[in-house]
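> Take this structure first; my questions come after.
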Amino acid sequence: MSTEQPTGSAPRRERSGPYVAVVRWMENLSETQYAYLLLTPAFLLLGAIAFWPLVSTFQLSLFADSLGQASVGEFIGLGNYVAILTGERTALLPSPFLPQSLTVGAMFNSALAVTVVFTVISVFFETIIGFVQALVLDQNFRGRRWVRVAIILPWAIPIVVQGMIFFLMFQPNLGFLVGTSDNPAFLNQIGLLTTTPLANAQDATMIVIVADVWKTTAFMALLILAGMQSIDRSLYDVAKVAGASPWQRFKYITFPIILPTVMVAMLFRTIQAMRIYGLIETVAGCTTVPSLSCLVITTFNNRMLGSSATVAFITAAIIAAIVSVYIVGYARGDV
Amino acid sequence: MNDDTTRPDGGVQTEPELKRGPFQRWINRSIDDPERAYRAMFYVATGFFLVTTLFPFYFLLVLAVTPEAAGLQLVPAAFDFGVFLDVFRQINFLRYMFNSLVLALTTTAIVLLLSSLAGYVFGRLEFPGRTPLMLLVLAISYFPPAAFFVPLYQLFTGNVIQGLVLYNTPGAMILPFSSLFMPLSIFILTTFYGQIPDGLEDAARVEGTTRLGALFRVIVPLSAPGVATAGVLTFIAVYNEFFFSQLMNNGQPENWAPIVGGLLQLQRAGQFQVTYGIMAAGSIIAVVPVAILVVVAQEKIVSGLTAGALKE
């Protein structure tokens, strides 16, 4: 304690000094004042590094792309949004935002379409596989701990390593998945992959989906498992006595009880899948698979700050819309 | 799977059953007792998941240790472990690893301190504005990093405040990491701190502990598992992060680029300068710290993920 003692003070020490003053001031705050005091550091950080950038992104999105030295051009209101959503800006963007036509090629070239395709397919498979994984982990068996470690491991590795693994696995002639035109591998022969899959938008999207399912299914499985383990086990005993088969026990007990948990897990995964960037950047590059986050970065690198901020804000708005749909659906199912 | 050569009673098999294959015998028994079929499905599923999750790691290992001259085979014909040293010779991989660990540990410390304060407030205090503020924190975790990127990049390169340049310094990554990963820790700690009985805190206060003293000497130690959970999850999240790790530095080790920079540098150097084996070896080395953490702290990871996500 940094209490400065006045010389010749009595044995009963007078408490003073800055530390004591602060403590005394803190002790006298009301609960509300104290609560806000303790929240200040966290909210200062969130304010400067999260809220301010969000507001500022929106602000930037109202300005035209700069042509000269300045970082942004003149104020054009919602002009960027109109230009991007109507396709007027497409010629200037590194990749189109909306699909140019309804062909498959155009879909995989468009930031919005490719992100939606990626999100829907990967979340669908993650849910199904995660469910089965959770059923496996819910059993009691020897070595369960190690099976769980194996299942979590992909979730815990850096995105760049995940990308590296799939980049290497699908290198022509390196792994056994992709051959060359003289020596096609099985996947080439059945026409699933071309011989340069990482340079082909459709193949690369498929590989990115497989990589994402491989890594994040564990997250889904753990959440669903937690839901399963919160089920009252006596329900199963009652069902067993009543003669229900394991399938019936699953259908009438497990499934309805964990459905809300599955919905929450799907919401989380959807939000994360919509921001896909690093995996694509490592596996195939942002020009081959232009996800929404990729488009933000590629437009930014082209010094189109207004457009970049607009795409970023539209992405955030789409995610916000998905969140509200889930929350409304969840609330309706709950009541 | 189920080849009974001796019968349970120890007798020799002389029954006609012998003529049938083991598979048919097994099917017959399964029809009598469906639990057996479910058991078999369980083993098949477990085996399948073990193979699919672990195979990519095995591939990486085989690719790394197979010498370049030898062809890649499922069981390598020759081994060459020197490739793990080549990674460090090729680029300053040690520095990249060091940067990653420093960034992750610093962020974890900041997040734990700030979210301890916030978690205490949300978990134990009643005050007006509690719910809206919690929703505000929750909302942050919904936004994609791309929505923060442009202004933060401008800020860190000194275009907003003259003279404040954080680009290529640890700060340019630690600040975004801290604010983006803090919400999860706040929710985990709110749950844990909220569960400590009021009596314990009151007792400490009666004993003359200050308000902050009660938090850091009573509540935090009693919630040690929760704090450890939040710490482990934050560390893993930061160590694995890609977006800001790549974009807030120029990828050079002396500019605090983490392993993202190192591995991308290996990848982009191209096959002729850096063999695929070296890329694989670098990836394996990068996984080691988190792999150890998963084995040691898997219970914490599981409980933290579920508590944090299902809190909502």
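Order determines the names: the first chain of the structure tokens is A, the second B, and so forth; residues in each chain are numbered 1 upward, and ligands are numbered 1 upward as they are shown.
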Please, which residues in chain A fall within 6 Å of chain B when counting only C-alpha atoms, and what is the closest atom pair and distance in Å to one decimal for each, ordered by chain then residue number, as CSV?

```
residue,atom,partner,partner_atom,distance
A:Thr32,CA,B:Phe127,CA,5.1
A:Ala35,CA,B:Val121,CA,5.5
A:Leu38,CA,B:Leu117,CA,5.6
A:Leu39,CA,B:Ala118,CA,5.3
A:Ala42,CA,B:Leu114,CA,5.4
A:Leu46,CA,B:Ser179,CA,5.4
A:Pro53,CA,B:Phe148,CA,5.0
A:Leu54,CA,B:Phe148,CA,5.7
A:Ile157,CA,B:Val287,CA,5.9
A:Pro158,CA,B:Asn240,CA,3.7
A:Ile159,CA,B:Asn240,CA,5.8
A:Val160,CA,B:Val260,CA,5.9
A:Val161,CA,B:Ser283,CA,5.4
A:Leu223,CA,B:Thr306,CA,5.4
A:Arg275,CA,B:Pro144,CA,5.5
A:Gly278,CA,B:Phe242,CA,5.5
A:Ser293,CA,B:Ala146,CA,5.8
A:Ala312,CA,B:Ala147,CA,4.8
A:Ala316,CA,B:Phe143,CA,5.8
```
> Can I get the selection written as a PDB file, in the first residue's frame, with C-alpha atoms?

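The resulting again.pdb:
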```pdb
ATOM      1  CA  THR A  32     -25.295   0.955 -10.802  1.00  0.00           C
ATOM      2  CA  ALA A  35     -21.426  -1.710 -12.618  1.00  0.00           C
ATOM      3  CA  LEU A  38     -16.317  -2.022 -14.262  1.00  0.00           C
ATOM      4  CA  LEU A  39     -17.807  -2.176 -17.746  1.00  0.00           C
ATOM      5  CA  ALA A  42     -14.422  -3.540 -21.981  1.00  0.00           C
ATOM      6  CA  LEU A  46     -15.407  -2.534 -28.026  1.00  0.00           C
ATOM      7  CA  PRO A  53     -15.432   0.741 -37.316  1.00  0.00           C
ATOM      8  CA  LEU A  54     -19.003  -0.417 -37.930  1.00  0.00           C
ATOM      9  CA  ILE A 157      -6.350 -26.337 -36.016  1.00  0.00           C
ATOM     10  CA  PRO A 158      -5.519 -22.982 -37.610  1.00  0.00           C
ATOM     11  CA  ILE A 159      -7.531 -22.082 -40.714  1.00  0.00           C
ATOM     12  CA  VAL A 160      -4.326 -21.654 -42.672  1.00  0.00           C
ATOM     13  CA  VAL A 161      -3.298 -25.248 -41.889  1.00  0.00           C
ATOM     14  CA  LEU A 223     -23.402 -28.550 -29.246  1.00  0.00           C
ATOM     15  CA  ARG A 275     -17.844 -14.804 -43.381  1.00  0.00           C
ATOM     16  CA  GLY A 278      -9.187 -17.519 -44.959  1.00  0.00           C
ATOM     17  CA  SER A 293     -15.546 -11.316 -47.494  1.00  0.00           C
ATOM     18  CA  ALA A 312     -18.999  -5.263 -46.190  1.00  0.00           C
ATOM     19  CA  ALA A 316     -23.391  -7.627 -42.319  1.00  0.00           C
TER      20      ALA A 316
END
```
> Mind checking which residues fall within 7 Å of region 202-217 of chain A, counting only C-alpha atoms, ignoring those fewer than 4 positions away in the same chain, and posting them as a list in words?
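Contacts, in chain order: Phe108, Phe118, Ser122, Phe125, Glu126, Ile129, Gly130, Pro154, Trp155, Phe166, Leu193, Pro197, Leu198, Ala221, Ile280, Ala284 and Val289 of chain A; Thr53 of chain B.
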> Write the residues of the preceding selection, restricted to C-alpha atoms, as an mmCIF file, in the first residue's frame.

```cif
data_model
loop_
_atom_site.group_PDB
_atom_site.id
_atom_site.type_symbol
_atom_site.label_atom_id
_atom_site.label_comp_id
_atom_site.auth_asym_id
_atom_site.auth_seq_id
_atom_site.Cartn_x
_atom_site.Cartn_y
_atom_site.Cartn_z
ATOM 1 C CA PHE A 108 -20.024 -19.539 -59.007
ATOM 2 C CA PHE A 118 -21.265 -22.554 -49.761
ATOM 3 C CA SER A 122 -21.851 -26.891 -45.788
ATOM 4 C CA PHE A 125 -23.900 -31.538 -44.213
ATOM 5 C CA GLU A 126 -22.400 -30.324 -40.939
ATOM 6 C CA ILE A 129 -22.881 -35.483 -39.844
ATOM 7 C CA GLY A 130 -22.639 -33.590 -36.557
ATOM 8 C CA PRO A 154 -9.868 -30.619 -36.920
ATOM 9 C CA TRP A 155 -11.914 -27.900 -35.223
ATOM 10 C CA PHE A 166 -6.747 -29.326 -48.790
ATOM 11 C CA LEU A 193 -13.283 -32.972 -60.632
ATOM 12 C CA PRO A 197 -9.653 -28.345 -59.534
ATOM 13 C CA LEU A 198 -8.179 -25.469 -57.545
ATOM 14 C CA ALA A 221 -21.480 -32.333 -32.830
ATOM 15 C CA ILE A 280 -10.677 -19.789 -49.678
ATOM 16 C CA ALA A 284 -7.947 -21.572 -54.111
ATOM 17 C CA VAL A 289 -13.990 -18.430 -55.343
ATOM 18 C CA THR B 53 -11.088 -36.845 -39.327
#
```
> Need to verify the contact set: Val220 (chain B), 12 Å, only C-alpha atoms, exclusion of same-chain residues closer than 5 positions in sequence. Can you return it as number ranges by chain?
B: 112-113, 115-117, 119-120, 189-190, 192-196, 200-201, 212-215, 225-228
> Dump N, CA and C atoms for the selected residues as an mmCIF file, in the first residue's frame?

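To be explicit, this is the file written out as selection21.cif:
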```
data_model
loop_
_atom_site.group_PDB
_atom_site.id
_atom_site.type_symbol
_atom_site.label_atom_id
_atom_site.label_comp_id
_atom_site.auth_asym_id
_atom_site.auth_seq_id
_atom_site.Cartn_x
_atom_site.Cartn_y
_atom_site.Cartn_z
ATOM 1 N N LEU B 112 -9.123 -11.947 -20.740
ATOM 2 C CA LEU B 112 -9.528 -12.487 -19.437
ATOM 3 C C LEU B 112 -9.723 -11.360 -18.424
ATOM 4 N N LEU B 113 -8.824 -10.372 -18.447
ATOM 5 C CA LEU B 113 -8.955 -9.272 -17.477
ATOM 6 C C LEU B 113 -10.245 -8.495 -17.726
ATOM 7 N N SER B 115 -12.908 -9.256 -19.560
ATOM 8 C CA SER B 115 -14.174 -9.974 -19.499
ATOM 9 C C SER B 115 -14.454 -10.474 -18.085
ATOM 10 N N SER B 116 -13.423 -10.536 -17.228
ATOM 11 C CA SER B 116 -13.691 -10.827 -15.819
ATOM 12 C C SER B 116 -14.503 -9.702 -15.204
ATOM 13 N N LEU B 117 -14.073 -8.470 -15.475
ATOM 14 C CA LEU B 117 -14.814 -7.322 -14.943
ATOM 15 C C LEU B 117 -16.234 -7.318 -15.496
ATOM 16 N N GLY B 119 -17.935 -9.788 -16.934
ATOM 17 C CA GLY B 119 -18.686 -10.974 -16.544
ATOM 18 C C GLY B 119 -19.200 -10.856 -15.117
ATOM 19 N N TYR B 120 -18.395 -10.245 -14.256
ATOM 20 C CA TYR B 120 -18.836 -10.014 -12.876
ATOM 21 C C TYR B 120 -20.056 -9.107 -12.853
ATOM 22 N N LEU B 189 -17.890 -16.296 -18.702
ATOM 23 C CA LEU B 189 -17.605 -15.870 -17.331
ATOM 24 C C LEU B 189 -18.871 -15.379 -16.632
ATOM 25 N N THR B 190 -19.799 -14.767 -17.387
ATOM 26 C CA THR B 190 -21.068 -14.356 -16.770
ATOM 27 C C THR B 190 -21.753 -15.573 -16.152
ATOM 28 N N PHE B 192 -20.353 -18.475 -15.206
ATOM 29 C CA PHE B 192 -19.627 -19.044 -14.071
ATOM 30 C C PHE B 192 -19.720 -18.135 -12.843
ATOM 31 N N TYR B 193 -19.513 -16.824 -13.042
ATOM 32 C CA TYR B 193 -19.538 -15.909 -11.887
ATOM 33 C C TYR B 193 -20.929 -15.847 -11.274
ATOM 34 N N GLY B 194 -21.942 -15.972 -12.124
ATOM 35 C CA GLY B 194 -23.313 -15.896 -11.610
ATOM 36 C C GLY B 194 -23.662 -17.057 -10.696
ATOM 37 N N GLN B 195 -22.875 -18.156 -10.811
ATOM 38 C CA GLN B 195 -23.218 -19.343 -10.027
ATOM 39 C C GLN B 195 -22.609 -19.346 -8.627
ATOM 40 N N ILE B 196 -21.669 -18.413 -8.355
ATOM 41 C CA ILE B 196 -21.056 -18.388 -7.018
ATOM 42 C C ILE B 196 -22.097 -17.872 -6.025
ATOM 43 N N LEU B 200 -20.681 -16.113 -0.103
ATOM 44 C CA LEU B 200 -19.217 -16.119 -0.099
ATOM 45 C C LEU B 200 -18.677 -14.725 -0.334
ATOM 46 N N GLU B 201 -19.295 -14.016 -1.284
ATOM 47 C CA GLU B 201 -18.840 -12.652 -1.559
ATOM 48 C C GLU B 201 -19.132 -11.760 -0.357
ATOM 49 N N LEU B 212 -13.229 -4.646 -5.345
ATOM 50 C CA LEU B 212 -12.422 -5.311 -6.371
ATOM 51 C C LEU B 212 -11.695 -6.512 -5.797
ATOM 52 N N GLY B 213 -11.295 -6.391 -4.509
ATOM 53 C CA GLY B 213 -10.626 -7.502 -3.846
ATOM 54 C C GLY B 213 -11.527 -8.711 -3.801
ATOM 55 N N ALA B 214 -12.803 -8.486 -3.503
ATOM 56 C CA ALA B 214 -13.747 -9.606 -3.451
ATOM 57 C C ALA B 214 -13.842 -10.278 -4.804
ATOM 58 N N LEU B 215 -13.793 -9.481 -5.879
ATOM 59 C CA LEU B 215 -13.872 -10.068 -7.214
ATOM 60 C C LEU B 215 -12.648 -10.931 -7.509
ATOM 61 N N PRO B 225 -12.246 -22.965 -13.050
ATOM 62 C CA PRO B 225 -12.516 -23.746 -14.268
ATOM 63 C C PRO B 225 -13.091 -22.884 -15.394
ATOM 64 N N GLY B 226 -13.962 -21.944 -15.024
ATOM 65 C CA GLY B 226 -14.551 -21.070 -16.028
ATOM 66 C C GLY B 226 -13.507 -20.166 -16.657
ATOM 67 N N VAL B 227 -12.620 -19.619 -15.819
ATOM 68 C CA VAL B 227 -11.576 -18.735 -16.328
ATOM 69 C C VAL B 227 -10.656 -19.531 -17.254
ATOM 70 N N ALA B 228 -10.313 -20.764 -16.845
ATOM 71 C CA ALA B 228 -9.455 -21.598 -17.687
ATOM 72 C C ALA B 228 -10.136 -21.886 -19.021
#
```
> If we count only C-alpha atoms and set the cut-off at 6 Å, which residues sit around region 134-148 of chain A, ignoring sequence neighbours fewer than 3 positions away in its own chain? Please answer as number ranges by chain.
A: 131, 151, 221, 225
> Given the selection you just returned, output its residues as a file containing N, CA and C atoms, formatted as a PDB file, in the first residue's frame.

```
ATOM      1  N   PHE A 131     -24.813 -34.518 -36.181  1.00  0.00           N
ATOM      2  CA  PHE A 131     -25.832 -35.252 -35.448  1.00  0.00           C
ATOM      3  C   PHE A 131     -25.377 -36.691 -35.212  1.00  0.00           C
ATOM      4  N   ILE A 151     -12.196 -36.267 -32.920  1.00  0.00           N
ATOM      5  CA  ILE A 151     -13.251 -35.515 -33.597  1.00  0.00           C
ATOM      6  C   ILE A 151     -13.061 -34.005 -33.414  1.00  0.00           C
ATOM      7  N   ALA A 221     -21.323 -31.106 -33.604  1.00  0.00           N
ATOM      8  CA  ALA A 221     -21.480 -32.333 -32.830  1.00  0.00           C
ATOM      9  C   ALA A 221     -21.442 -32.038 -31.330  1.00  0.00           C
ATOM     10  N   LEU A 225     -24.406 -32.718 -28.843  1.00  0.00           N
ATOM     11  CA  LEU A 225     -24.125 -33.662 -27.759  1.00  0.00           C
ATOM     12  C   LEU A 225     -24.537 -33.066 -26.410  1.00  0.00           C
TER      13      LEU A 225
END
```
> Quick one: distance from CA of Arg205 (chain B) to CA of Ile219 (chain B) in Å, one decimal?
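Separation between CA of Arg205 (chain B) and CA of Ile219 (chain B): 11.8 Å.
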> Please identify the strand (DSSP E) residues within region 50-194 of chain A (assignment by DSSP from backbone atoms) and present them as a list in words.
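The strand (DSSP E) residues within region 50-194 of chain A come out as Phe63, Ala64, Asp65, Val72, Gly73, Glu74 and Phe75 of chain A.
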> Could you turn the residues from that selection into a file that holds C-alpha atoms, as a compact mmCIF listing (two decimals), in the first residue's frame?

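And here is the file that came out, part.txt:
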```
# COMPACT_ATOMS: atom_id res chain seq x y z
CA PHE A 63 -19.03 7.95 -50.49
CA ALA A 64 -18.01 7.29 -54.08
CA ASP A 65 -14.81 5.44 -54.90
CA VAL A 72 -12.73 8.46 -50.92
CA GLY A 73 -14.62 10.54 -53.45
CA GLU A 74 -17.72 12.66 -53.00
CA PHE A 75 -20.79 11.93 -50.92
```
> One number please: CA of Thr127 (chain A) to CA of Phe219 (chain A), in Å, one decimal.
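So the answer is 9.8 Å.
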